[in-house]
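Peer 1: This is the structure I want to talk about, given as structure tokens.
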Amino acid sequence: MRIVNSERLIMRPWELDDADFLFDLESRCDTVRFLGPHAKMMTARSEAVESIIRRRAIDDPIHGIWAVTARETGHLLGNVLLKPIPLSASAKGERPVEIGWHLHPDAQGAGYATEAASAVMTDAATSGLQTVIAVTVPLNVASRRVCERLGMRSLGVTEAYYDECNLLFEKDLSR
């Protein structure tokens with residue numbers, strides 16, 4: 001998986017040494033609560049190790065799940081992803097590519113999610129990706145604001161993804 005850089009951040013592949021951070025991040029209710037109905041809080045460090053192995057197995061020129069790190073310190077801040085979105089059980093058709101993010105509570109509110117997602121989308125556009133979508137749980141105001149700052153267009157409410165009601169956003173990367 002490639003490394004993506006921005007002004008303040010480096011988005012890099014997850015390493016097994018990141019397991020303690022990932023376990024801390026994904027064992028928090030306030031971090032996992034908006035990740036969809038199938039997301040669950042981690043209860044053991046071994047789950048973080050397994051998750052990192054799965055993330056590292058993504059071998060694709062565009063898709064990936066990156067660790068977001070601070071350029072100056074190298075500290076882990078969270079996660080950004082670009083991957084085909086899971087369709088709801090009742091949905092048919094192609095799976096569009098989703099941009100998503102979640103950050104450690106200590107890293108929220110500093111613009112990192114917007115910066116990381118923007119850098120990953122720009123990188124993907126240079127590799128030929130033309131459109132991305134994002135979905136947010138209606139109560140997730142912070143992610144809705146990130147979508148707006150990214151210049152994503154609101155397409156309203158959808159139940160086509162993750163087997164739940166979400167707000168749908170889209171961005172044309174070909175412009």
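Identifiers for the structure tokens are assigned positionally: chains receive A, B, ... in sequence, residues are indexed from 1 per chain, and ligands are indexed from 1 in the order shown.
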Identify, on the basis of only C-alpha atoms, every residue whose closest approach to range 140-144 of chain A does not exceed 10 Å; exclude the query and any residue fewer than 3 positions from it along the same chain; express the result as a ChimeraX atom specification.

Peer 2: /A:33-35,100-102,108-109,113-114,134-137,147-150,152,154,166-169

Peer 1: Within 12 Å of range 123-125 of chain A, counting only C-alpha atoms, which residues qualify if same-chain residues fewer than 3 places away don't, as a compact mmCIF listing (two decimals) with N, CA and C atoms, in the first residue's frame?

Peer 2:
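So the final result, stored in part-v7.txt, reads:
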```txt
# COMPACT_ATOMS: atom_id res chain seq x y z
N ARG A 2 0.47 2.22 -0.73
CA ARG A 2 1.28 3.43 -0.85
C ARG A 2 1.15 4.32 0.38
N ILE A 3 2.09 5.24 0.50
CA ILE A 3 2.07 6.26 1.55
C ILE A 3 1.53 7.54 0.93
N VAL A 4 0.63 8.22 1.64
CA VAL A 4 0.04 9.47 1.17
C VAL A 4 0.43 10.56 2.17
N ASN A 5 0.93 11.67 1.66
CA ASN A 5 1.38 12.77 2.51
C ASN A 5 0.50 13.99 2.35
N SER A 6 0.40 14.76 3.42
CA SER A 6 -0.25 16.07 3.37
C SER A 6 0.63 17.03 4.18
N MET A 11 -0.20 9.42 5.87
CA MET A 11 -1.10 8.28 5.87
C MET A 11 -0.27 7.10 5.37
N ASP A 60 -4.09 -3.03 -3.46
CA ASP A 60 -4.85 -2.38 -4.51
C ASP A 60 -4.20 -1.04 -4.81
N PRO A 61 -4.18 -0.61 -6.07
CA PRO A 61 -3.55 0.66 -6.39
C PRO A 61 -4.32 1.89 -5.90
N ILE A 62 -5.58 1.72 -5.55
CA ILE A 62 -6.39 2.86 -5.09
C ILE A 62 -6.91 2.65 -3.67
N HIS A 63 -7.49 1.50 -3.39
CA HIS A 63 -8.14 1.26 -2.10
C HIS A 63 -7.12 1.00 -1.00
N GLY A 64 -7.52 1.31 0.23
CA GLY A 64 -6.67 1.02 1.36
C GLY A 64 -7.28 1.51 2.66
N LEU A 81 -9.90 5.55 5.34
CA LEU A 81 -10.08 4.42 4.42
C LEU A 81 -10.68 4.87 3.11
N LEU A 82 -10.39 4.10 2.09
CA LEU A 82 -10.95 4.28 0.76
C LEU A 82 -11.16 2.87 0.22
N LYS A 83 -12.44 2.45 0.14
CA LYS A 83 -12.71 1.06 -0.24
C LYS A 83 -14.14 0.94 -0.77
N VAL A 97 -17.08 3.51 -4.27
CA VAL A 97 -15.94 3.62 -3.37
C VAL A 97 -16.26 4.65 -2.29
N GLU A 98 -16.04 4.23 -1.05
CA GLU A 98 -16.33 5.05 0.13
C GLU A 98 -15.04 5.64 0.70
N ILE A 99 -15.10 6.91 1.08
CA ILE A 99 -14.06 7.52 1.90
C ILE A 99 -14.60 7.54 3.33
N ALA A 116 -6.71 14.45 6.06
CA ALA A 116 -6.38 13.08 5.66
C ALA A 116 -7.27 12.62 4.51
N ALA A 117 -8.57 12.84 4.62
CA ALA A 117 -9.49 12.41 3.57
C ALA A 117 -9.21 13.15 2.26
N SER A 118 -8.93 14.43 2.34
CA SER A 118 -8.63 15.21 1.15
C SER A 118 -7.39 14.69 0.44
N ALA A 119 -6.34 14.40 1.21
CA ALA A 119 -5.09 13.90 0.63
C ALA A 119 -5.30 12.54 -0.03
N VAL A 120 -6.04 11.66 0.63
CA VAL A 120 -6.28 10.32 0.07
C VAL A 120 -7.13 10.42 -1.19
N GLY A 128 -6.87 7.57 -11.09
CA GLY A 128 -7.99 7.31 -11.97
C GLY A 128 -9.36 7.20 -11.32
N LEU A 129 -9.45 7.26 -10.00
CA LEU A 129 -10.77 7.20 -9.36
C LEU A 129 -11.53 8.48 -9.68
N GLN A 130 -12.79 8.35 -10.10
CA GLN A 130 -13.55 9.52 -10.52
C GLN A 130 -14.56 10.01 -9.50
N THR A 131 -15.10 9.11 -8.68
CA THR A 131 -16.14 9.49 -7.73
C THR A 131 -15.95 8.75 -6.42
N VAL A 132 -16.22 9.43 -5.32
CA VAL A 132 -16.25 8.78 -4.01
C VAL A 132 -17.54 9.18 -3.32
N LYS A 171 -18.65 13.00 -4.08
CA LYS A 171 -17.71 13.98 -4.64
C LYS A 171 -17.19 13.46 -5.97
N ASP A 172 -17.25 14.34 -6.98
CA ASP A 172 -16.69 14.05 -8.29
C ASP A 172 -15.21 14.45 -8.25
N LEU A 173 -14.33 13.47 -8.38
CA LEU A 173 -12.89 13.73 -8.30
C LEU A 173 -12.29 14.09 -9.65
N SER A 174 -13.08 14.01 -10.71
CA SER A 174 -12.55 14.26 -12.04
C SER A 174 -12.44 15.75 -12.37
N ARG A 175 -12.95 16.61 -11.50
CA ARG A 175 -12.89 18.06 -11.75
C ARG A 175 -11.62 18.66 -11.24
```

Peer 1: Here is a test: counting only C-alpha atoms, which residue of A:Phe21, A:Trp66, A:Tyr161, A:Trp14 is nearest to Ser88 in chain A?

Peer 2: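 The closest residue to Ser88 in chain A is A:Tyr161.
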
Peer 1: Assign secondary structure with DSSP using the backbone only, and return the residues of range 28-143 of chain A in alpha helix (DSSP H) as a ChimeraX atom specification.

Peer 2: /A:29-32,45-56,112-126,141-143

Peer 1: For CA of Val157 in chain A and CA of Arg55 in chain A, determine how far apart the two atoms are, in Å to one decimal place.

Peer 2: 28.9 Å

Peer 1: Go through A:Ile52, A:Leu9, A:Ala107, A:Leu25 one by one, measure the shortest atom-to-atom distance of each to Lys40 in chain A using only C-alpha atoms, and give the residue with the smallest value.

Peer 2: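 Under the stated criterion, the closest residue is A:Leu25.
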
Peer 1: So which bits of range 23-159 of chain A end up strand (DSSP E) when you DSSP the backbone, as a compact mmCIF listing (two decimals) with N, CA and C atoms, in the first residue's frame?

Peer 2:
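This went into part27.txt:
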```
# COMPACT_ATOMS: atom_id res chain seq x y z
N GLY A 64 -7.52 1.31 0.23
CA GLY A 64 -6.67 1.02 1.36
C GLY A 64 -7.28 1.51 2.66
N ILE A 65 -6.67 1.09 3.75
CA ILE A 65 -7.01 1.58 5.09
C ILE A 65 -5.69 2.00 5.71
N TRP A 66 -5.54 3.30 5.89
CA TRP A 66 -4.28 3.87 6.33
C TRP A 66 -4.30 4.29 7.79
N ALA A 67 -3.15 4.20 8.43
CA ALA A 67 -2.94 4.82 9.74
C ALA A 67 -2.63 6.29 9.47
N VAL A 68 -3.29 7.17 10.20
CA VAL A 68 -3.04 8.60 10.08
C VAL A 68 -2.07 8.99 11.19
N THR A 69 -0.94 9.58 10.80
CA THR A 69 0.09 9.97 11.77
C THR A 69 0.43 11.44 11.60
N ALA A 70 0.86 12.05 12.70
CA ALA A 70 1.31 13.44 12.67
C ALA A 70 2.70 13.48 12.04
N LEU A 76 0.41 8.42 16.22
CA LEU A 76 -0.80 7.93 15.57
C LEU A 76 -1.98 8.78 15.99
N LEU A 77 -2.83 9.10 15.02
CA LEU A 77 -4.01 9.93 15.27
C LEU A 77 -5.31 9.20 14.98
N GLY A 78 -5.28 8.24 14.06
CA GLY A 78 -6.52 7.56 13.69
C GLY A 78 -6.38 6.79 12.41
N ASN A 79 -7.45 6.81 11.63
CA ASN A 79 -7.64 5.90 10.52
C ASN A 79 -8.34 6.64 9.38
N VAL A 80 -7.94 6.38 8.15
CA VAL A 80 -8.69 6.85 6.98
C VAL A 80 -8.76 5.69 6.00
N LEU A 81 -9.90 5.55 5.34
CA LEU A 81 -10.08 4.42 4.42
C LEU A 81 -10.68 4.87 3.11
N LEU A 82 -10.39 4.10 2.09
CA LEU A 82 -10.95 4.28 0.76
C LEU A 82 -11.16 2.87 0.22
N LYS A 83 -12.44 2.45 0.14
CA LYS A 83 -12.71 1.06 -0.24
C LYS A 83 -14.14 0.94 -0.77
N PRO A 84 -14.42 -0.14 -1.50
CA PRO A 84 -15.81 -0.36 -1.92
C PRO A 84 -16.71 -0.49 -0.68
N VAL A 97 -17.08 3.51 -4.27
CA VAL A 97 -15.94 3.62 -3.37
C VAL A 97 -16.26 4.65 -2.29
N GLU A 98 -16.04 4.23 -1.05
CA GLU A 98 -16.33 5.05 0.13
C GLU A 98 -15.04 5.64 0.70
N ILE A 99 -15.10 6.91 1.08
CA ILE A 99 -14.06 7.52 1.90
C ILE A 99 -14.60 7.54 3.33
N GLY A 100 -13.78 7.18 4.28
CA GLY A 100 -14.21 7.18 5.68
C GLY A 100 -13.04 7.48 6.60
N TRP A 101 -13.33 7.80 7.84
CA TRP A 101 -12.31 8.17 8.80
C TRP A 101 -12.82 7.98 10.21
N HIS A 102 -11.95 7.74 11.11
CA HIS A 102 -12.23 7.92 12.53
C HIS A 102 -10.91 8.16 13.25
N LEU A 103 -10.97 9.10 14.15
CA LEU A 103 -9.78 9.56 14.86
C LEU A 103 -9.91 9.33 16.35
N THR A 131 -15.10 9.11 -8.68
CA THR A 131 -16.14 9.49 -7.73
C THR A 131 -15.95 8.75 -6.42
N VAL A 132 -16.22 9.43 -5.32
CA VAL A 132 -16.25 8.78 -4.01
C VAL A 132 -17.54 9.18 -3.32
N ILE A 133 -17.95 8.32 -2.39
CA ILE A 133 -19.09 8.65 -1.55
C ILE A 133 -18.66 8.56 -0.09
N ALA A 134 -19.45 9.15 0.76
CA ALA A 134 -19.30 9.00 2.21
C ALA A 134 -20.70 8.85 2.77
N VAL A 135 -20.83 8.05 3.81
CA VAL A 135 -22.09 7.94 4.52
C VAL A 135 -21.84 8.26 5.99
N THR A 136 -22.81 8.92 6.59
CA THR A 136 -22.71 9.22 8.01
C THR A 136 -24.04 8.91 8.68
N ARG A 153 -21.15 16.69 -2.05
CA ARG A 153 -22.53 17.09 -2.27
C ARG A 153 -23.45 16.14 -1.51
N SER A 154 -24.40 16.71 -0.76
CA SER A 154 -25.36 15.90 -0.03
C SER A 154 -26.40 15.33 -0.99
N LEU A 155 -26.60 14.01 -0.91
CA LEU A 155 -27.60 13.35 -1.75
C LEU A 155 -28.80 12.88 -0.93
N GLY A 156 -28.88 13.31 0.33
CA GLY A 156 -30.02 12.96 1.16
C GLY A 156 -29.81 11.68 1.96
N VAL A 157 -30.92 11.04 2.26
CA VAL A 157 -30.92 9.84 3.11
C VAL A 157 -30.91 8.59 2.24
N THR A 158 -30.19 7.58 2.70
CA THR A 158 -30.14 6.30 1.98
C THR A 158 -30.12 5.15 2.97
```

Peer 1: Go through A:Met41, A:Met121, A:Ala160, A:Ile58 one by one, measure the shortest atom-to-atom distance of each to Lys92 in chain A using only C-alpha atoms, and give the residue with the smallest value.

Peer 2: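 Using only C-alpha atoms, Lys92 in chain A sits closest to A:Ala160.
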
Peer 1: Calculated over only C-alpha atoms, which of the candidates A:Gly74, A:Asp59, A:Ala110, A:Gly36 has the smallest distance to Asp163 in chain A?

Peer 2: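 Of the candidates, the smallest distance to Asp163 in chain A is held by A:Gly36.
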